[in-house]
Amino acid sequence: MRKLLSQGSLVAVVVAVGIATTGCSQYNGLKAKRTFRDANGLYQTGDYKGAAAKYEEIVALDQDILNKFQLTPAYFYLANSYDNLYRGAKAGDPINDGFMTKAVEYYRKDAELDADPKMKKLSLQFLVAAYGPEKLNDPTQQEPILQQMIQVDPTDPANYFYLANIYEQNGDYEKAEEQFLKAKEMKPNESTVYTTLAAFYDRQGEFDKTINALNERAQHEPSNPEAHHVIATYYWNEAYKNFKLSEVDKKKYIQAGIDESDKALALNNDYFEALTYKNLLLRLMANIETNPARQQALLKQADQLRDRAQELQKAKQAAAAAPAKS
């Protein structure tokens, strides 16, 4: 009969196996790091097929090795390599469609396993895009991903905007507005939450809500002339293009636009865009003015503003074109 190993001998064997396993893991990890560098080089030159093959070698390793050697981002780059290999014009081709299937699989994998919140967020963003109209065109898959992104970072307005856009495209305007308002609630001092909300209301033909959103922005940015200028452009657009406006409302909107232009110019007298729009607003006012003398005065003032705006624009272009002094 064979003799049983003593307790000491057994411990020695276990330790030896452990050392061998650790050594093998270390070797595989270091080898994978070299492969990762090679894959990144191929990725940067646009050889996505070659890069994908290298990244596949890395993600085939045990997850503990990927974590220890900080190689988990290989999932994202593998996904993005397949994403770049996909061609929308070849949709329906099994090989081409397979690229996007793999891209989605590995974006999800990185979002699940990557410890770096920036990489996790990036993978989720690309995953949302993968389900967009130019690729898989499945907004039902986008919504839960965006909800997940909002849970991860509830202060990022972009996620609310994207989700709102999905609802708007589906005709659910109430839910879309809800998301735009949540974005405003999360970042009340960020101008885009107001301008994006205003653009949404403008698409819905709700002019009063559009102006209210832009006025809120101007209140948060009292020293920004552009905030008032944008309001002026919306007043001009409404007065110029809405033929259903009564003469009274048209005149009211034009005057409101002129007032906003004046606020912008009070903050920056050389703001040529504001000068340009005040000129356009004055011309609109002249068109509905019945008194010939007042009409000519408005047109003369508009000409002066136009000329001043053109001078400032030319000076700005000349300064940009001038060679930098050494």
# chains A, B, ... in the order shown; residues from 1 in each chain; ligands from 1

$ residues_around --residues "region 200-212 of chain A" --least-positions-apart "2" --cutoff "8 Å" --atoms "only C-alpha atoms" --output "PyMOL selection string"
chain A and resi 177+196-198+214-216+231+234

$ closest_residue --among "A:Gln295, A:Gln141, A:Asn84, A:Gln310" --to "Tyr271 (chain A)" --atoms "only C-alpha atoms"
A:Gln310

$ select_by_dssp --residues "region 21-147 of chain A" --states "alpha helix (DSSP H)" --output "count of residues only"
97

$ residues_around --residues "Asp259 (chain A)" --least-positions-apart "2" --cutoff "10 Å" --atoms "only C-alpha atoms" --output "list in words"
His228, His229, Ile231, Ala232, Tyr253, Ile254, Gln255, Ala256, Gly257, Ser261, Asp262, Lys263, Ala264, Leu265 and Lys278 of chain A

$ write_last_selection --atoms "all heavy atoms" --output "mmCIF file, in the first residue's frame"
data_model
loop_
_atom_site.group_PDB
_atom_site.id
_atom_site.type_symbol
_atom_site.label_atom_id
_atom_site.label_comp_id
_atom_site.auth_asym_id
_atom_site.auth_seq_id
_atom_site.Cartn_x
_atom_site.Cartn_y
_atom_site.Cartn_z
ATOM 1 N N HIS A 228 -29.547 87.561 -23.148
ATOM 2 C CA HIS A 228 -30.581 88.497 -23.617
ATOM 3 C C HIS A 228 -30.678 88.486 -25.141
ATOM 4 O O HIS A 228 -31.778 88.587 -25.701
ATOM 5 C CB HIS A 228 -30.267 89.907 -23.117
ATOM 6 C CG HIS A 228 -30.354 90.043 -21.624
ATOM 7 N ND1 HIS A 228 -31.554 90.016 -20.944
ATOM 8 C CD2 HIS A 228 -29.375 90.179 -20.680
ATOM 9 C CE1 HIS A 228 -31.322 90.147 -19.647
ATOM 10 N NE2 HIS A 228 -30.020 90.243 -19.462
ATOM 11 N N HIS A 229 -29.540 88.345 -25.805
ATOM 12 C CA HIS A 229 -29.547 88.315 -27.266
ATOM 13 C C HIS A 229 -30.364 87.140 -27.792
ATOM 14 O O HIS A 229 -31.121 87.285 -28.757
ATOM 15 C CB HIS A 229 -28.102 88.241 -27.783
ATOM 16 C CG HIS A 229 -28.010 87.887 -29.225
ATOM 17 N ND1 HIS A 229 -28.531 88.681 -30.225
ATOM 18 C CD2 HIS A 229 -27.456 86.791 -29.853
ATOM 19 C CE1 HIS A 229 -28.301 88.121 -31.403
ATOM 20 N NE2 HIS A 229 -27.662 86.976 -31.196
ATOM 21 N N ILE A 231 -32.897 85.691 -26.415
ATOM 22 C CA ILE A 231 -34.326 86.021 -26.259
ATOM 23 C C ILE A 231 -34.778 86.921 -27.408
ATOM 24 O O ILE A 231 -35.850 86.722 -27.987
ATOM 25 C CB ILE A 231 -34.591 86.704 -24.904
ATOM 26 C CG1 ILE A 231 -34.204 85.770 -23.757
ATOM 27 C CG2 ILE A 231 -36.064 87.096 -24.783
ATOM 28 C CD1 ILE A 231 -34.274 86.414 -22.382
ATOM 29 N N ALA A 232 -33.943 87.888 -27.758
ATOM 30 C CA ALA A 232 -34.272 88.801 -28.857
ATOM 31 C C ALA A 232 -34.457 88.048 -30.166
ATOM 32 O O ALA A 232 -35.354 88.353 -30.959
ATOM 33 C CB ALA A 232 -33.173 89.856 -28.997
ATOM 34 N N TYR A 253 -44.187 91.930 -29.461
ATOM 35 C CA TYR A 253 -43.031 91.035 -29.547
ATOM 36 C C TYR A 253 -41.811 91.757 -30.112
ATOM 37 O O TYR A 253 -40.678 91.543 -29.643
ATOM 38 C CB TYR A 253 -43.358 89.822 -30.415
ATOM 39 C CG TYR A 253 -44.302 88.828 -29.771
ATOM 40 C CD1 TYR A 253 -44.915 87.822 -30.530
ATOM 41 C CD2 TYR A 253 -44.605 88.882 -28.405
ATOM 42 C CE1 TYR A 253 -45.779 86.910 -29.944
ATOM 43 C CE2 TYR A 253 -45.466 87.983 -27.828
ATOM 44 C CZ TYR A 253 -46.054 86.997 -28.599
ATOM 45 O OH TYR A 253 -46.910 86.095 -28.021
ATOM 46 N N ILE A 254 -42.032 92.588 -31.092
ATOM 47 C CA ILE A 254 -40.907 93.337 -31.676
ATOM 48 C C ILE A 254 -40.272 94.243 -30.636
ATOM 49 O O ILE A 254 -39.045 94.294 -30.491
ATOM 50 C CB ILE A 254 -41.365 94.164 -32.902
ATOM 51 C CG1 ILE A 254 -41.802 93.231 -34.043
ATOM 52 C CG2 ILE A 254 -40.248 95.089 -33.381
ATOM 53 C CD1 ILE A 254 -42.483 93.948 -35.196
ATOM 54 N N GLN A 255 -41.123 94.953 -29.895
ATOM 55 C CA GLN A 255 -40.598 95.859 -28.872
ATOM 56 C C GLN A 255 -39.875 95.088 -27.771
ATOM 57 O O GLN A 255 -38.811 95.518 -27.292
ATOM 58 C CB GLN A 255 -41.738 96.680 -28.262
ATOM 59 C CG GLN A 255 -41.257 97.764 -27.302
ATOM 60 C CD GLN A 255 -40.274 98.715 -27.943
ATOM 61 O OE1 GLN A 255 -40.571 99.355 -28.960
ATOM 62 N NE2 GLN A 255 -39.077 98.845 -27.356
ATOM 63 N N ALA A 256 -40.413 93.923 -27.410
ATOM 64 C CA ALA A 256 -39.756 93.087 -26.397
ATOM 65 C C ALA A 256 -38.385 92.635 -26.899
ATOM 66 O O ALA A 256 -37.412 92.600 -26.139
ATOM 67 C CB ALA A 256 -40.629 91.890 -26.063
ATOM 68 N N GLY A 257 -38.305 92.301 -28.187
ATOM 69 C CA GLY A 257 -37.029 91.895 -28.771
ATOM 70 C C GLY A 257 -36.022 93.028 -28.770
ATOM 71 O O GLY A 257 -34.829 92.828 -28.477
ATOM 72 N N SER A 261 -32.393 93.214 -26.882
ATOM 73 C CA SER A 261 -31.167 93.610 -27.588
ATOM 74 C C SER A 261 -30.469 94.745 -26.857
ATOM 75 O O SER A 261 -29.230 94.763 -26.737
ATOM 76 C CB SER A 261 -31.485 94.027 -29.026
ATOM 77 O OG SER A 261 -31.920 92.924 -29.789
ATOM 78 N N ASP A 262 -31.255 95.691 -26.365
ATOM 79 C CA ASP A 262 -30.675 96.818 -25.617
ATOM 80 C C ASP A 262 -29.998 96.337 -24.329
ATOM 81 O O ASP A 262 -28.939 96.855 -23.940
ATOM 82 C CB ASP A 262 -31.770 97.844 -25.281
ATOM 83 C CG ASP A 262 -32.177 98.682 -26.487
ATOM 84 O OD1 ASP A 262 -31.373 98.757 -27.446
ATOM 85 O OD2 ASP A 262 -33.278 99.251 -26.470
ATOM 86 N N LYS A 263 -30.606 95.331 -23.681
ATOM 87 C CA LYS A 263 -29.990 94.780 -22.464
ATOM 88 C C LYS A 263 -28.648 94.123 -22.794
ATOM 89 O O LYS A 263 -27.674 94.262 -22.042
ATOM 90 C CB LYS A 263 -30.925 93.764 -21.818
ATOM 91 C CG LYS A 263 -32.178 94.366 -21.185
ATOM 92 C CD LYS A 263 -33.100 93.265 -20.659
ATOM 93 C CE LYS A 263 -34.413 93.854 -20.131
ATOM 94 N NZ LYS A 263 -35.352 92.803 -19.687
ATOM 95 N N ALA A 264 -28.621 93.418 -23.923
ATOM 96 C CA ALA A 264 -27.371 92.774 -24.344
ATOM 97 C C ALA A 264 -26.310 93.820 -24.660
ATOM 98 O O ALA A 264 -25.141 93.686 -24.264
ATOM 99 C CB ALA A 264 -27.630 91.886 -25.559
ATOM 100 N N LEU A 265 -26.703 94.853 -25.352
ATOM 101 C CA LEU A 265 -25.750 95.907 -25.742
ATOM 102 C C LEU A 265 -25.298 96.738 -24.545
ATOM 103 O O LEU A 265 -24.194 97.289 -24.556
ATOM 104 C CB LEU A 265 -26.374 96.804 -26.816
ATOM 105 C CG LEU A 265 -26.572 96.108 -28.178
ATOM 106 C CD1 LEU A 265 -27.472 96.937 -29.081
ATOM 107 C CD2 LEU A 265 -25.219 95.861 -28.838
ATOM 108 N N LYS A 278 -31.009 93.800 -33.517
ATOM 109 C CA LYS A 278 -31.773 95.013 -33.224
ATOM 110 C C LYS A 278 -32.102 95.725 -34.531
ATOM 111 O O LYS A 278 -33.218 96.250 -34.706
ATOM 112 C CB LYS A 278 -30.986 95.940 -32.293
ATOM 113 C CG LYS A 278 -31.812 97.173 -31.883
ATOM 114 C CD LYS A 278 -31.091 98.069 -30.896
ATOM 115 C CE LYS A 278 -31.973 99.264 -30.563
ATOM 116 N NZ LYS A 278 -31.326 100.204 -29.616
#

$ residues_around --residues "Lys135 (chain A)" --least-positions-apart "2" --cutoff "12 Å" --atoms "only C-alpha atoms" --output "CSV table (one decimal) with N, CA and C atoms, in the first residue's frame"
chain,number,residue,atom,x,y,z
A,83,ASP,N,-17.6,48.1,-33.0
A,83,ASP,CA,-18.5,49.2,-33.3
A,83,ASP,C,-18.0,49.9,-34.6
A,84,ASN,N,-16.7,50.1,-34.6
A,84,ASN,CA,-16.1,50.8,-35.8
A,84,ASN,C,-16.1,50.0,-37.0
A,85,LEU,N,-16.1,48.7,-36.9
A,85,LEU,CA,-16.1,47.7,-38.0
A,85,LEU,C,-17.5,47.7,-38.6
A,86,TYR,N,-18.5,48.0,-37.8
A,86,TYR,CA,-19.9,48.0,-38.3
A,86,TYR,C,-20.2,49.1,-39.4
A,87,ARG,N,-20.9,48.7,-40.4
A,87,ARG,CA,-21.3,49.7,-41.4
A,87,ARG,C,-22.8,49.7,-41.6
A,88,GLY,N,-23.4,50.8,-41.4
A,88,GLY,CA,-24.9,50.9,-41.5
A,88,GLY,C,-25.4,50.6,-42.8
A,89,ALA,N,-24.6,50.9,-43.9
A,89,ALA,CA,-25.1,50.6,-45.3
A,89,ALA,C,-25.1,49.1,-45.5
A,90,LYS,N,-24.5,48.3,-44.7
A,90,LYS,CA,-24.4,46.9,-44.9
A,90,LYS,C,-25.3,46.1,-43.9
A,91,ALA,N,-26.3,46.9,-43.3
A,91,ALA,CA,-27.2,46.2,-42.3
A,91,ALA,C,-27.9,45.1,-43.0
A,92,GLY,N,-28.0,44.0,-42.3
A,92,GLY,CA,-28.6,42.8,-42.8
A,92,GLY,C,-27.6,41.7,-43.2
A,96,ASN,N,-21.5,41.6,-40.8
A,96,ASN,CA,-21.6,43.0,-40.4
A,96,ASN,C,-22.5,43.2,-39.2
A,97,ASP,N,-23.6,42.6,-39.2
A,97,ASP,CA,-24.5,42.7,-38.0
A,97,ASP,C,-23.9,42.0,-36.7
A,99,PHE,N,-20.8,42.2,-35.9
A,99,PHE,CA,-19.9,43.2,-35.3
A,99,PHE,C,-20.7,44.0,-34.2
A,100,MET,N,-21.9,44.5,-34.6
A,100,MET,CA,-22.7,45.3,-33.6
A,100,MET,C,-23.2,44.4,-32.4
A,101,THR,N,-23.5,43.2,-32.7
A,101,THR,CA,-23.9,42.3,-31.6
A,101,THR,C,-22.8,42.1,-30.6
A,103,ALA,N,-20.3,44.3,-30.2
A,103,ALA,CA,-20.1,45.6,-29.6
A,103,ALA,C,-21.0,45.8,-28.4
A,104,VAL,N,-22.2,45.5,-28.6
A,104,VAL,CA,-23.2,45.6,-27.5
A,104,VAL,C,-22.8,44.7,-26.3
A,126,PHE,N,-21.9,54.7,-25.2
A,126,PHE,CA,-21.8,54.1,-26.5
A,126,PHE,C,-22.8,53.0,-26.7
A,127,LEU,N,-23.3,52.4,-25.6
A,127,LEU,CA,-24.3,51.4,-25.7
A,127,LEU,C,-25.6,52.0,-26.1
A,128,VAL,N,-25.9,53.2,-25.5
A,128,VAL,CA,-27.1,53.9,-25.9
A,128,VAL,C,-27.1,54.3,-27.4
A,129,ALA,N,-25.9,54.7,-27.9
A,129,ALA,CA,-25.7,55.1,-29.3
A,129,ALA,C,-25.9,53.8,-30.2
A,130,ALA,N,-25.4,52.7,-29.7
A,130,ALA,CA,-25.5,51.4,-30.5
A,130,ALA,C,-27.0,51.1,-30.8
A,131,TYR,N,-27.9,51.5,-29.9
A,131,TYR,CA,-29.3,51.2,-30.1
A,131,TYR,C,-30.0,52.4,-30.8
A,132,GLY,N,-29.2,53.4,-31.3
A,132,GLY,CA,-29.7,54.5,-32.0
A,132,GLY,C,-30.2,54.3,-33.4
A,133,PRO,N,-30.8,55.3,-34.0
A,133,PRO,CA,-31.4,55.1,-35.4
A,133,PRO,C,-30.4,54.7,-36.5
A,137,ASN,N,-31.3,50.8,-34.0
A,137,ASN,CA,-32.6,51.5,-34.1
A,137,ASN,C,-33.6,50.8,-33.1
A,138,ASP,N,-33.3,50.7,-31.9
A,138,ASP,CA,-34.2,50.1,-30.9
A,138,ASP,C,-34.3,51.0,-29.7
A,139,PRO,N,-35.1,52.1,-29.7
A,139,PRO,CA,-35.2,53.0,-28.5
A,139,PRO,C,-35.7,52.3,-27.3

$ atom_distance --atom1 "CA of Ala39 (chain A)" --atom2 "CA of Ile145 (chain A)"
28.2 Å

$ closest_residue --among "A:Asn40, A:Thr233, A:Asn291, A:Thr35" --to "Val59 (chain A)" --atoms "only C-alpha atoms"
A:Thr35

$ residues_around --residues "Pro188 (chain A)" --least-positions-apart "4" --cutoff "9 Å" --atoms "only C-alpha atoms" --output "PyMOL selection string"
chain A and resi 183-184+193-194+217+220

$ closest_residue --among "A:Ala74, A:Leu146, A:Ala318, A:Leu181" --to "Asp114 (chain A)" --atoms "only C-alpha atoms"
A:Ala74

$ residues_around --residues "Asp270 (chain A)" --least-positions-apart "4" --cutoff "9 Å" --atoms "only C-alpha atoms" --output "list in words"
Leu265, Ala274, Leu275, Arg308, Ala309 and Leu312 of chain A

$ decode --residues "region 13-141 of chain A" --atoms "C-alpha atoms" --output "short mmCIF file (atom, residue, chain, number, x, y, z; two decimals), in the first residue's frame"
data_model
loop_
_atom_site.label_atom_id
_atom_site.label_comp_id
_atom_site.auth_asym_id
_atom_site.auth_seq_id
_atom_site.Cartn_x
_atom_site.Cartn_y
_atom_site.Cartn_z
CA VAL A 13 2.54 20.52 -1.87
CA VAL A 14 -0.32 23.03 -1.45
CA VAL A 15 2.14 25.90 -1.06
CA ALA A 16 4.09 24.75 -4.12
CA VAL A 17 0.92 24.59 -6.21
CA GLY A 18 -0.09 28.01 -4.96
CA ILE A 19 3.27 29.50 -5.88
CA ALA A 20 3.09 27.90 -9.33
CA THR A 21 -0.44 29.25 -9.85
CA THR A 22 0.59 32.72 -8.70
CA GLY A 23 3.60 32.64 -10.98
CA CYS A 24 1.45 31.57 -13.91
CA SER A 25 -1.07 34.32 -13.15
CA GLN A 26 1.71 36.91 -12.93
CA TYR A 27 3.15 35.74 -16.25
CA ASN A 28 -0.24 35.83 -17.97
CA GLY A 29 -0.96 39.29 -16.56
CA LEU A 30 2.34 40.77 -17.74
CA LYS A 31 1.90 39.15 -21.14
CA ALA A 32 -1.64 40.58 -21.34
CA LYS A 33 -0.34 44.08 -20.56
CA ARG A 34 2.02 43.80 -23.54
CA THR A 35 -0.83 42.57 -25.70
CA PHE A 36 -2.95 45.50 -24.49
CA ARG A 37 -0.26 47.97 -25.58
CA ASP A 38 -0.06 46.27 -28.98
CA ALA A 39 -3.84 46.32 -29.32
CA ASN A 40 -3.97 50.03 -28.42
CA GLY A 41 -1.39 50.76 -31.10
CA LEU A 42 -3.52 49.01 -33.73
CA TYR A 43 -6.66 50.76 -32.43
CA GLN A 44 -5.04 54.19 -32.71
CA THR A 45 -4.03 53.56 -36.34
CA GLY A 46 -7.57 52.48 -37.23
CA ASP A 47 -6.79 48.78 -37.63
CA TYR A 48 -9.91 47.77 -35.71
CA LYS A 49 -9.91 44.18 -36.98
CA GLY A 50 -6.36 43.62 -35.76
CA ALA A 51 -7.05 45.44 -32.51
CA ALA A 52 -10.16 43.35 -31.86
CA ALA A 53 -8.17 40.13 -32.22
CA LYS A 54 -5.67 41.36 -29.63
CA TYR A 55 -8.34 42.59 -27.21
CA GLU A 56 -10.09 39.21 -27.53
CA GLU A 57 -6.94 37.55 -26.20
CA ILE A 58 -7.04 39.76 -23.14
CA VAL A 59 -10.73 39.38 -22.24
CA ALA A 60 -10.37 35.59 -22.54
CA LEU A 61 -8.28 35.67 -19.36
CA ASP A 62 -9.61 35.18 -15.86
CA GLN A 63 -11.36 38.30 -14.54
CA ASP A 64 -9.10 38.36 -11.47
CA ILE A 65 -6.11 38.87 -13.77
CA LEU A 66 -7.89 41.69 -15.62
CA ASN A 67 -8.70 43.38 -12.32
CA LYS A 68 -5.20 42.95 -10.87
CA PHE A 69 -3.45 44.33 -13.95
CA GLN A 70 -6.10 47.01 -14.64
CA LEU A 71 -7.01 45.51 -18.00
CA THR A 72 -10.82 45.61 -17.68
CA PRO A 73 -11.03 48.60 -20.11
CA ALA A 74 -10.11 46.07 -22.81
CA TYR A 75 -13.84 45.24 -22.86
CA PHE A 76 -14.66 48.80 -23.91
CA TYR A 77 -11.97 48.99 -26.58
CA LEU A 78 -12.94 45.59 -27.92
CA ALA A 79 -16.57 46.75 -28.11
CA ASN A 80 -15.58 49.98 -29.80
CA SER A 81 -13.37 48.15 -32.31
CA TYR A 82 -16.37 46.05 -33.37
CA ASP A 83 -18.52 49.19 -33.33
CA ASN A 84 -16.11 50.84 -35.78
CA LEU A 85 -16.13 47.75 -38.01
CA TYR A 86 -19.92 47.95 -38.34
CA ARG A 87 -21.32 49.68 -41.44
CA GLY A 88 -24.89 50.95 -41.46
CA ALA A 89 -25.05 50.61 -45.25
CA LYS A 90 -24.45 46.85 -44.88
CA ALA A 91 -27.17 46.25 -42.30
CA GLY A 92 -28.62 42.78 -42.82
CA ASP A 93 -25.29 41.21 -43.69
CA PRO A 94 -24.67 38.52 -41.04
CA ILE A 95 -20.98 39.31 -40.58
CA ASN A 96 -21.60 43.05 -40.41
CA ASP A 97 -24.51 42.66 -37.99
CA GLY A 98 -22.35 40.36 -35.89
CA PHE A 99 -19.94 43.23 -35.28
CA MET A 100 -22.68 45.27 -33.62
CA THR A 101 -23.89 42.26 -31.63
CA LYS A 102 -20.39 41.84 -30.23
CA ALA A 103 -20.06 45.59 -29.62
CA VAL A 104 -23.22 45.58 -27.50
CA GLU A 105 -22.06 42.48 -25.61
CA TYR A 106 -18.72 43.99 -24.63
CA TYR A 107 -20.06 47.48 -23.89
CA ARG A 108 -22.39 45.79 -21.41
CA LYS A 109 -19.52 43.75 -20.02
CA ASP A 110 -17.39 46.82 -19.40
CA ALA A 111 -20.29 48.72 -17.85
CA GLU A 112 -20.82 45.78 -15.50
CA LEU A 113 -17.21 45.01 -14.55
CA ASP A 114 -15.12 48.16 -14.99
CA ALA A 115 -14.21 49.73 -11.65
CA ASP A 116 -13.45 53.08 -13.27
CA PRO A 117 -16.67 55.17 -13.22
CA LYS A 118 -15.52 57.16 -16.27
CA MET A 119 -15.07 54.00 -18.33
CA LYS A 120 -18.38 52.62 -17.05
CA LYS A 121 -20.13 55.84 -18.08
CA LEU A 122 -18.41 55.81 -21.49
CA SER A 123 -19.53 52.26 -22.16
CA LEU A 124 -23.11 53.10 -21.27
CA GLN A 125 -23.03 56.15 -23.54
CA PHE A 126 -21.78 54.09 -26.47
CA LEU A 127 -24.31 51.38 -25.65
CA VAL A 128 -27.12 53.93 -25.92
CA ALA A 129 -25.72 55.08 -29.28
CA ALA A 130 -25.53 51.45 -30.47
CA TYR A 131 -29.30 51.23 -30.12
CA GLY A 132 -29.74 54.55 -31.95
CA PRO A 133 -31.39 55.10 -35.38
CA GLU A 134 -28.15 54.78 -37.35
CA LYS A 135 -27.34 51.35 -35.88
CA LEU A 136 -29.74 48.93 -34.15
CA ASN A 137 -32.58 51.47 -34.06
CA ASP A 138 -34.23 50.15 -30.90
CA PRO A 139 -35.21 52.99 -28.55
CA THR A 140 -36.89 50.52 -26.18
CA GLN A 141 -33.39 49.31 -25.29
#
